[in-house]
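Novice: Handing over coords18.txt, compact mmCIF, C-alpha atoms.
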```txt
# COMPACT_ATOMS: atom_id res chain seq x y z
CA MET L 707 -1.25 32.77 50.79
CA ALA L 708 0.21 34.02 47.53
CA LYS L 709 0.73 31.37 44.89
CA GLU L 710 4.31 30.69 43.92
CA LYS L 711 5.21 31.95 40.50
CA GLN L 712 5.74 29.02 38.18
CA GLU L 713 8.13 29.21 35.27
CA LYS L 714 6.42 28.63 31.93
CA LYS L 715 7.01 25.15 30.64
CA PRO L 716 8.98 25.10 27.35
CA ASP L 717 6.72 24.63 24.37
CA TYR L 718 7.02 23.93 20.63
CA MET L 719 5.07 27.14 20.01
CA ASP L 720 7.71 29.32 21.67
CA ALA L 721 9.68 31.45 19.25
CA ASP L 722 12.84 30.80 21.26
CA TRP L 723 13.59 27.09 21.53
CA SER L 724 16.65 27.43 23.79
CA GLY L 725 14.70 26.47 26.91
CA LEU L 726 12.94 23.64 25.09
CA ILE L 727 16.26 22.26 23.86
CA ARG L 728 17.81 22.29 27.35
CA ASP L 729 14.70 20.68 28.84
CA ARG L 730 14.51 17.89 26.27
CA LEU L 731 18.26 17.14 26.22
CA GLY L 732 18.19 16.68 29.99
CA LYS L 733 15.15 14.41 29.88
CA TRP L 734 16.69 12.37 27.08
CA GLU L 735 19.78 11.62 29.15
CA ARG L 736 17.68 10.78 32.20
CA MET L 737 15.70 8.32 30.07
CA TRP L 738 18.85 6.42 29.14
CA LYS L 739 19.87 6.29 32.81
CA GLU L 740 16.45 4.83 33.59
CA TYR L 741 16.96 2.21 30.91
CA ALA L 742 20.32 1.34 32.47
CA THR L 743 18.69 0.77 35.87
CA GLU L 744 16.32 -1.66 34.12
CA GLY L 745 19.27 -3.54 32.66
CA LYS L 746 18.56 -2.38 29.11
CA ILE L 747 21.77 -1.30 27.40
CA PRO L 748 21.91 0.19 23.86
CA VAL L 749 24.42 -1.00 21.29
CA PRO L 750 26.37 1.29 18.93
CA LEU L 751 25.01 1.13 15.40
CA TRP L 752 28.27 1.57 13.54
CA PRO L 753 31.75 0.10 14.03
CA GLU L 754 34.08 2.67 15.55
CA GLY L 755 35.46 4.95 12.86
CA LYS L 756 33.10 3.55 10.19
CA LEU L 757 30.37 6.21 9.99
CA PRO L 758 29.32 6.40 6.30
CA VAL L 759 28.38 10.10 6.41
CA PRO L 760 29.47 12.92 8.74
CA HIS L 761 27.70 12.92 12.11
CA THR L 762 27.56 15.58 14.81
CA GLU L 763 30.89 15.65 16.63
CA GLY L 764 30.81 13.46 19.72
CA PHE L 765 27.51 11.79 18.81
CA THR L 766 27.30 8.00 18.81
CA PRO L 767 24.16 6.56 17.13
CA ARG L 768 22.78 3.68 19.14
CA LEU L 769 19.91 1.24 19.23
CA LEU L 770 18.20 -0.19 22.28
CA VAL L 771 16.35 -3.43 21.56
CA TYR L 772 13.95 -4.70 24.21
CA PRO L 773 14.15 -8.43 25.03
CA ALA L 774 12.01 -10.26 22.50
CA HIS L 775 8.73 -11.78 23.60
CA GLU L 776 8.99 -15.50 24.18
CA GLY L 777 7.63 -18.05 21.76
CA GLU L 778 7.40 -17.76 18.00
CA ALA L 779 9.33 -14.90 16.41
CA ARG L 780 7.30 -11.70 16.11
CA GLY L 781 7.71 -8.39 14.35
CA ILE L 782 9.43 -5.36 15.85
CA PHE L 783 8.65 -1.65 15.95
CA ILE L 784 11.61 0.79 15.95
CA VAL L 785 10.58 4.02 17.72
CA CYS L 786 12.07 7.36 16.62
CA ALA L 787 11.38 10.35 18.87
CA GLY L 788 11.05 13.85 17.46
CA GLY L 789 12.70 17.17 18.19
CA GLY L 790 13.42 19.07 15.01
CA PHE L 791 16.70 17.17 14.57
CA MET L 792 17.99 19.36 17.43
CA PHE L 793 17.08 16.96 20.25
CA GLN L 794 14.90 13.93 20.91
CA SER L 795 11.89 13.97 23.22
CA SER L 796 11.77 11.24 25.84
CA ASN L 797 7.95 11.28 25.98
CA GLU L 798 7.99 10.06 22.36
CA ALA L 799 10.44 7.24 23.08
CA LYS L 800 10.33 5.08 26.22
CA PRO L 801 6.60 5.48 27.04
CA VAL L 802 5.75 4.68 23.43
CA ALA L 803 8.07 1.67 23.30
CA ASP L 804 6.68 0.42 26.62
CA PHE L 805 3.11 0.78 25.33
CA PHE L 806 3.67 -1.23 22.15
CA TYR L 807 5.74 -3.82 24.02
CA ALA L 808 2.83 -4.31 26.43
CA LYS L 809 0.66 -4.97 23.37
CA GLY L 810 2.84 -7.94 22.46
CA ILE L 811 4.95 -6.22 19.81
CA ASN L 812 8.73 -6.31 20.04
CA VAL L 813 10.23 -2.83 20.19
CA ALA L 814 13.46 -0.89 19.90
CA VAL L 815 14.38 2.77 20.45
CA LEU L 816 16.68 4.49 17.95
CA ASP L 817 19.01 7.27 19.09
CA TYR L 818 19.72 8.93 15.73
CA ASN L 819 21.93 11.87 14.82
CA THR L 820 20.84 15.34 16.00
CA ASP L 821 22.48 18.73 16.37
CA PRO L 822 21.11 21.42 18.74
CA ALA L 823 22.80 24.14 16.71
CA GLN L 824 21.43 23.29 13.26
CA GLY L 825 18.56 20.84 13.33
CA MET L 826 16.05 21.50 10.59
CA SER L 827 17.78 24.54 9.09
CA LEU L 828 19.08 24.55 5.53
CA GLU L 829 22.53 24.10 7.00
CA GLY L 830 21.28 21.03 8.85
CA ARG L 831 20.78 18.83 5.80
CA GLU L 832 23.87 16.81 6.72
CA VAL L 833 22.40 16.26 10.19
CA GLN L 834 19.23 14.87 8.63
CA GLU L 835 21.13 12.76 6.11
CA ALA L 836 23.10 11.19 8.96
CA ALA L 837 19.86 10.49 10.84
CA GLY L 838 18.45 8.74 7.76
CA ALA L 839 21.59 6.63 7.52
CA ASP L 840 21.18 5.66 11.19
CA ALA L 841 17.61 4.51 10.55
CA ALA L 842 18.66 2.37 7.61
CA ARG L 843 21.45 0.87 9.69
CA ALA L 844 19.05 0.10 12.54
CA ILE L 845 16.78 -1.84 10.20
CA ARG L 846 19.72 -3.75 8.71
CA THR L 847 21.10 -4.51 12.17
CA ILE L 848 17.84 -5.98 13.41
CA ARG L 849 17.30 -7.96 10.23
CA TYR L 850 20.88 -9.30 10.38
CA HIS L 851 20.40 -10.44 14.01
CA ALA L 852 16.76 -11.45 13.59
CA LYS L 853 17.20 -15.17 14.25
CA GLU L 854 19.53 -14.57 17.19
CA TRP L 855 17.15 -12.00 18.71
CA ASN L 856 13.96 -14.00 17.94
CA ILE L 857 12.54 -11.36 15.62
CA HIS L 858 10.72 -12.02 12.35
CA PRO L 859 13.07 -10.65 9.65
CA ASP L 860 10.22 -9.65 7.33
CA LYS L 861 8.24 -7.75 9.95
CA ILE L 862 10.38 -4.78 10.85
CA ALA L 863 8.44 -1.54 11.29
CA ILE L 864 9.84 1.91 11.94
CA GLY L 865 7.85 4.88 13.13
CA GLY L 866 8.42 8.32 14.51
CA PHE L 867 7.06 11.59 15.76
CA SER L 868 7.68 14.95 14.10
CA ALA L 869 11.35 14.87 13.01
CA GLY L 870 11.35 11.17 13.92
CA GLY L 871 8.64 10.81 11.31
CA GLY L 872 11.03 12.44 8.86
CA VAL L 873 13.63 9.85 9.79
CA THR L 874 10.97 7.19 9.25
CA GLY L 875 10.05 8.69 5.88
CA MET L 876 13.66 8.59 4.73
CA ALA L 877 13.90 4.96 5.82
CA GLY L 878 10.71 4.16 3.91
CA THR L 879 11.80 5.80 0.64
CA MET L 880 15.62 5.74 0.55
CA PHE L 881 16.09 2.04 1.33
CA ASP L 882 18.06 -0.47 -0.67
CA TYR L 883 18.11 -4.25 -0.74
CA GLY L 884 21.66 -4.63 0.51
CA ASN L 885 25.06 -4.70 -1.11
CA PRO L 886 26.22 -8.32 -1.54
CA GLU L 887 29.78 -7.10 -2.11
CA ALA L 888 29.96 -5.08 1.13
CA GLU L 889 32.79 -5.89 3.52
CA ASP L 890 30.47 -5.33 6.48
CA PRO L 891 27.98 -8.25 6.60
CA ILE L 892 25.26 -6.00 8.03
CA GLU L 893 25.45 -3.81 4.92
CA ARG L 894 24.65 -6.87 2.78
CA VAL L 895 21.18 -6.96 4.33
CA SER L 896 18.15 -5.04 3.08
CA SER L 897 17.29 -1.74 4.80
CA ARG L 898 13.69 -1.73 3.54
CA PRO L 899 11.23 -1.47 6.44
CA ASP L 900 8.08 -3.58 6.29
CA ALA L 901 5.87 -0.80 7.67
CA CYS L 902 6.21 2.92 8.42
CA LEU L 903 4.30 4.91 11.03
CA ILE L 904 4.26 8.69 10.56
CA ILE L 905 2.97 10.41 13.69
CA TYR L 906 2.25 14.16 13.38
CA SER L 907 5.03 14.45 10.86
CA ALA L 908 3.75 14.67 7.29
CA PHE L 909 6.06 17.54 6.38
CA THR L 910 5.21 18.80 2.92
CA ALA L 911 7.74 20.16 0.48
CA ASP L 912 5.95 23.49 0.16
CA ALA L 913 5.82 24.03 3.90
CA THR L 914 8.22 22.74 6.50
CA CYS L 915 10.95 20.63 4.95
CA ILE L 916 13.20 23.50 3.92
CA GLY L 917 13.19 25.64 7.04
CA GLY L 918 14.41 29.18 7.47
CA GLU L 919 12.46 32.43 7.47
CA ASN L 920 10.91 33.35 4.10
CA ARG L 921 12.42 30.26 2.48
CA ARG L 922 9.48 27.95 2.86
CA TYR L 923 7.15 29.46 0.32
CA SER L 924 9.34 31.51 -2.02
CA PHE L 925 10.00 30.20 -5.50
CA THR L 926 13.55 29.87 -6.73
CA GLY L 927 15.24 27.15 -8.70
CA GLN L 928 17.39 26.32 -5.70
CA ASN L 929 14.41 26.06 -3.36
CA GLU L 930 12.44 23.87 -5.74
CA HIS L 931 15.45 21.63 -6.17
CA LEU L 932 15.76 21.32 -2.40
CA LYS L 933 12.06 20.61 -2.04
CA ASN L 934 12.47 17.56 -4.21
CA SER L 935 15.71 16.41 -2.64
CA LYS L 936 16.00 13.13 -0.77
CA MET L 937 15.49 14.99 2.52
CA CYS L 938 11.90 15.72 1.46
CA TRP L 939 11.09 12.07 1.38
CA GLU L 940 7.39 12.42 0.52
CA GLN L 941 8.47 13.75 -2.89
CA ASN L 942 10.33 10.49 -3.48
CA LEU L 943 7.72 7.83 -2.78
CA ARG L 944 8.51 4.61 -4.65
CA LEU L 945 6.19 1.93 -5.92
CA ASP L 946 8.01 -0.59 -3.71
CA CYS L 947 7.46 1.48 -0.55
CA PRO L 948 6.10 -0.41 2.46
CA PRO L 949 2.63 0.25 3.91
CA PHE L 950 2.20 3.52 5.83
CA PHE L 951 0.20 4.41 8.93
CA VAL L 952 -0.26 8.20 9.23
CA THR L 953 -1.85 10.18 12.04
CA GLN L 954 -2.06 13.82 13.12
CA THR L 955 -4.33 16.17 15.06
CA CYS L 956 -6.31 19.08 13.66
CA TRP L 957 -4.62 21.41 16.16
CA ASP L 958 -1.34 20.35 14.57
CA ASP L 959 -2.74 21.02 11.06
CA PRO L 960 -3.74 17.71 9.45
CA ARG L 961 -3.31 18.94 5.87
CA GLY L 962 0.21 17.57 5.66
CA SER L 963 -0.94 14.10 6.64
CA LEU L 964 -3.92 14.28 4.32
CA ARG L 965 -1.72 15.35 1.40
CA LEU L 966 0.64 12.50 2.19
CA GLY L 967 -2.30 10.11 2.22
CA LEU L 968 -3.32 11.33 -1.22
CA GLN L 969 0.18 10.82 -2.59
CA LEU L 970 0.29 7.32 -1.15
CA ALA L 971 -3.13 6.53 -2.67
CA ASN L 972 -2.09 7.93 -6.04
CA ARG L 973 0.78 5.45 -6.11
CA GLY L 974 -1.25 2.52 -4.84
CA ILE L 975 0.81 2.26 -1.65
CA VAL L 976 -1.13 0.60 1.16
CA SER L 977 -1.91 3.16 3.85
CA GLU L 978 -4.17 4.27 6.66
CA VAL L 979 -4.60 7.96 7.51
CA HIS L 980 -6.18 9.08 10.80
CA THR L 981 -6.85 12.62 11.96
CA PHE L 982 -7.93 13.53 15.48
CA GLU L 983 -9.58 16.78 16.50
CA GLU L 984 -7.62 17.76 19.60
CA GLY L 985 -4.06 17.78 20.85
CA PRO L 986 -0.92 19.91 20.42
CA HIS L 987 2.20 19.00 18.51
CA GLY L 988 4.55 16.79 20.51
CA GLY L 989 1.89 15.11 22.63
CA GLY L 990 3.26 11.58 22.24
CA LEU L 991 0.72 9.11 23.59
CA TYR L 992 -1.63 11.94 24.69
CA ASN L 993 -2.44 9.87 27.77
CA GLY L 994 -1.45 12.30 30.53
CA GLN L 995 1.13 9.89 31.94
CA ASP L 996 4.04 12.23 31.14
CA GLU L 997 4.26 15.98 31.74
CA ASP L 998 4.96 16.43 28.01
CA SER L 999 2.05 14.18 26.97
CA PRO L 1000 -1.20 15.98 27.88
CA HIS L 1001 -4.34 13.91 28.30
CA TYR L 1002 -6.74 13.88 25.37
CA PRO L 1003 -8.87 10.72 25.84
CA HIS L 1004 -10.00 10.42 22.24
CA THR L 1005 -6.70 11.35 20.62
CA MET L 1006 -4.82 8.82 22.75
CA LEU L 1007 -6.66 6.11 20.80
CA TRP L 1008 -4.17 6.58 17.95
CA ALA L 1009 -1.73 4.23 19.69
CA GLU L 1010 -4.36 1.52 20.17
CA VAL L 1011 -5.30 1.79 16.49
CA ALA L 1012 -1.65 1.72 15.40
CA ALA L 1013 -0.89 -1.36 17.51
CA ASP L 1014 -3.95 -3.09 16.09
CA TRP L 1015 -2.86 -2.11 12.54
CA LEU L 1016 0.54 -3.67 13.12
CA LYS L 1017 -0.81 -6.84 14.67
CA VAL L 1018 -3.92 -7.48 12.57
CA ASN L 1019 -3.16 -5.89 9.19
CA ARG L 1020 0.60 -6.36 9.11
CA GLY L 1021 0.89 -9.61 11.07
CA PHE L 1022 3.15 -8.32 13.84
```
Output the file's structure as structure tokens, nothing else.
Specialist:
Amino acid sequence: MAKEKQEKKPDYMDADWSGLIRDRLGKWERMWKEYATEGKIPVPLWPEGKLPVPHTEGFTPRLLVYPAHEGEARGIFIVCAGGGFMFQSSNEAKPVADFFYAKGINVAVLDYNTDPAQGMSLEGREVQEAAGADAARAIRTIRYHAKEWNIHPDKIAIGGFSAGGGVTGMAGTMFDYGNPEAEDPIERVSSRPDACLIIYSAFTADATCIGGENRRYSFTGQNEHLKNSKMCWEQNLRLDCPPFFVTQTCWDDPRGSLRLGLQLANRGIVSEVHTFEEGPHGGGLYNGQDEDSPHYPHTMLWAEVAADWLKVNRGF
């Protein structure tokens, strides 16, 4: 019997991302429907009509906070999926949040600003800026409601995959300590995270943060200025940055993560950097439990190590 022809699964390595975008947008919506069946409902991050920077038309940033573990208040890990700021991948959201929650860590999933038409292009800088603002707002929101939600206000971690790591990086470098004069009480609260997890997302200024053919490596004053803009967060590390956990596979090119680790070390910022030999970009937990998360038994240990880092080293 002839085997049925199977359509090639969309992949990050494809030159044309149109199929990948459709696939991931559909899975993202199905994930939120699954959350709804579990009784988990996200809350809008911003008051209606109060977005501080332009967002993609029709997009509503939201935050889904899992019920806190009972007993003494614990820390929380905000999960940011990746997708080139064009979409968000469900295999880097719910399965990850469920894993860390099962480890006794409170979790939340951030639905930050994306735009399928622009994403990581030069023209997409506003998309990324809005995503960074959403991350800061998520941290403030949790800290503001910490007592009510039984969360430790000084143990708020944020972490993300690929573009979600970029969102995390912006949160970890562009934070402020709150505006006491703000009309909105949430904006009076600090947006500084207490830990950042960068998962296969150490984008370097001389490689991926600019985007666009022949723009990444050419030298012009404009390009160099952009490389050191706030969107390229690793160029703006501060001495008051929180601790960082960084991981990437060798198949995904670990040099970005290693360079980031060096910059963190040069500034005396507490960090751990882990590289694993195998696994493609976008593998999430690498545990084989999702069609977009292939099984690499050794690489999947990153999540165990990260959970241990949060609990033992950071007191979550």
Novice: Which residue is closest to Val813 (chain L)? Choose from L:Asn856, L:Asn885, L:Ser896, L:Gln995 and count only C-alpha atoms.
Specialist: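 Under the stated criterion, the closest residue is L:Asn856.
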Novice: Find the residues of region 810-919 of chain L that sit at most 8 Å from region 952-961 of chain L; for each, write down the nearest two atoms and how far apart they are in Å, to one decimal. Count all atoms listed in the file. Sort by chain, then by number going up, and give it as CSV.
Specialist:
```
residue,atom,partner,partner_atom,distance
L:Leu903,CA,L:Val952,CA,5.9
L:Ile904,CA,L:Val952,CA,4.7
L:Ile905,CA,L:Thr953,CA,5.1
L:Tyr906,CA,L:Gln954,CA,4.3
L:Ser907,CA,L:Gln954,CA,7.5
L:Ala908,CA,L:Val952,CA,7.9
```
Novice: What does the structure give for the distance between CA of Asp729 (chain L) and CA of Phe982 (chain L), in Å to one decimal?
Specialist: 27.2 Å
Novice: Which residues, written as a compact mmCIF listing (two decimals) with C-alpha atoms, in the coordinates of the input, have at least one atom at most 7 Å from Trp939 (chain L), with all atoms listed in the file counted and residues fewer than 6 positions away on the same chain left out?
Specialist:
```
# COMPACT_ATOMS: atom_id res chain seq x y z
CA GLY L 875 10.05 8.69 5.88
CA MET L 876 13.66 8.59 4.73
CA THR L 879 11.80 5.80 0.64
```
Novice: When distances are computed from only C-alpha atoms, which of L:Gly755, L:Pro822, L:Gly884, L:Gly985 shows the smallest separation from Arg728 (chain L)?
Specialist: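 Smallest separation from Arg728 (chain L) among the options: L:Pro822.
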Novice: Check the smallest atom-to-atom distance from each of L:Arg898, L:Lys800, L:His980, L:Lys809 to Ala844 (chain L) using only C-alpha atoms, then report the winner.
Specialist: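 Under the stated criterion, the closest residue is L:Arg898.
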Novice: Could I get the residues of region 795-849 of chain L with an atom no further than 6 Å from an atom of region 778-790 of chain L, each paired with its nearest atom pair and that distance in Å to one decimal, using only C-alpha atoms, sorted by chain and residue number, as a tab-separated table?
Specialist:
```
residue	atom	partner	partner_atom	distance
L:Ser795	CA	L:Ala787	CA	5.7
L:Glu798	CA	L:Ala787	CA	4.9
L:Ala799	CA	L:Ala787	CA	5.3
L:Asn812	CA	L:Ile782	CA	4.4
L:Val813	CA	L:Phe783	CA	4.7
L:Ala814	CA	L:Ile784	CA	4.7
L:Val815	CA	L:Val785	CA	4.8
L:Leu816	CA	L:Cys786	CA	5.6
L:Gly825	CA	L:Gly790	CA	5.7
L:Met826	CA	L:Gly790	CA	5.7
```
Novice: Write to file, as a PDB file, in the frame of the given file, the residues of the selection just made, with C-alpha atoms.
Specialist:
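See again-v8.pdb below for the written result:
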```pdb
ATOM      1  CA  SER L 795      11.890  13.970  23.220  1.00  0.00           C
ATOM      2  CA  GLU L 798       7.990  10.060  22.360  1.00  0.00           C
ATOM      3  CA  ALA L 799      10.440   7.240  23.080  1.00  0.00           C
ATOM      4  CA  ASN L 812       8.730  -6.310  20.040  1.00  0.00           C
ATOM      5  CA  VAL L 813      10.230  -2.830  20.190  1.00  0.00           C
ATOM      6  CA  ALA L 814      13.460  -0.890  19.900  1.00  0.00           C
ATOM      7  CA  VAL L 815      14.380   2.770  20.450  1.00  0.00           C
ATOM      8  CA  LEU L 816      16.680   4.490  17.950  1.00  0.00           C
ATOM      9  CA  GLY L 825      18.560  20.840  13.330  1.00  0.00           C
ATOM     10  CA  MET L 826      16.050  21.500  10.590  1.00  0.00           C
TER      11      MET L 826
END
```
Novice: Between L:Phe793, L:Gly871, L:Asp840, L:His775, single out the one closest to Ala808 (chain L), counting all atoms listed in the file.
Specialist: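 Ranking L:Phe793, L:Gly871, L:Asp840, L:His775 by distance to Ala808 (chain L), first place goes to L:His775.
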Novice: What does the structure give for the distance between CA of Asp817 (chain L) and CA of Arg768 (chain L), in Å to one decimal?
Specialist: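 Separating CA of Asp817 (chain L) from CA of Arg768 (chain L) is a distance of 5.2 Å.
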Novice: Extract, using only C-alpha atoms, all DNA, RNA and protein residues at most 9 Å from Gly830 (chain L), discarding same-chain residues fewer than 5 positions from it, and format them as a list of chain:residue names.
Specialist: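 So, after excluding close chain neighbours, the residues are L:Phe791, L:Asp821, L:Ala823, L:Gln824, L:Gly825, L:Glu835.
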Novice: What's the separation between CA of Leu991 (chain L) and CA of Pro748 (chain L), in Å to one decimal place?
Specialist: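 Separation of CA of Leu991 (chain L) and CA of Pro748 (chain L): 23.0 Å.
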Novice: Which residue out of L:Pro801, L:Pro716, L:Gly810, L:Gly725 has the minimum interatomic distance to Gly994 (chain L) when only C-alpha atoms are used?
Specialist: L:Pro801
Novice: List the spatial neighbours of Cys902 (chain L) as a PyMOL selection string - criterion: any atom at most 6 Å away, all atoms listed in the file, same-chain residues fewer than 4 positions off excluded.
Specialist: chain L and resi 863-865+950
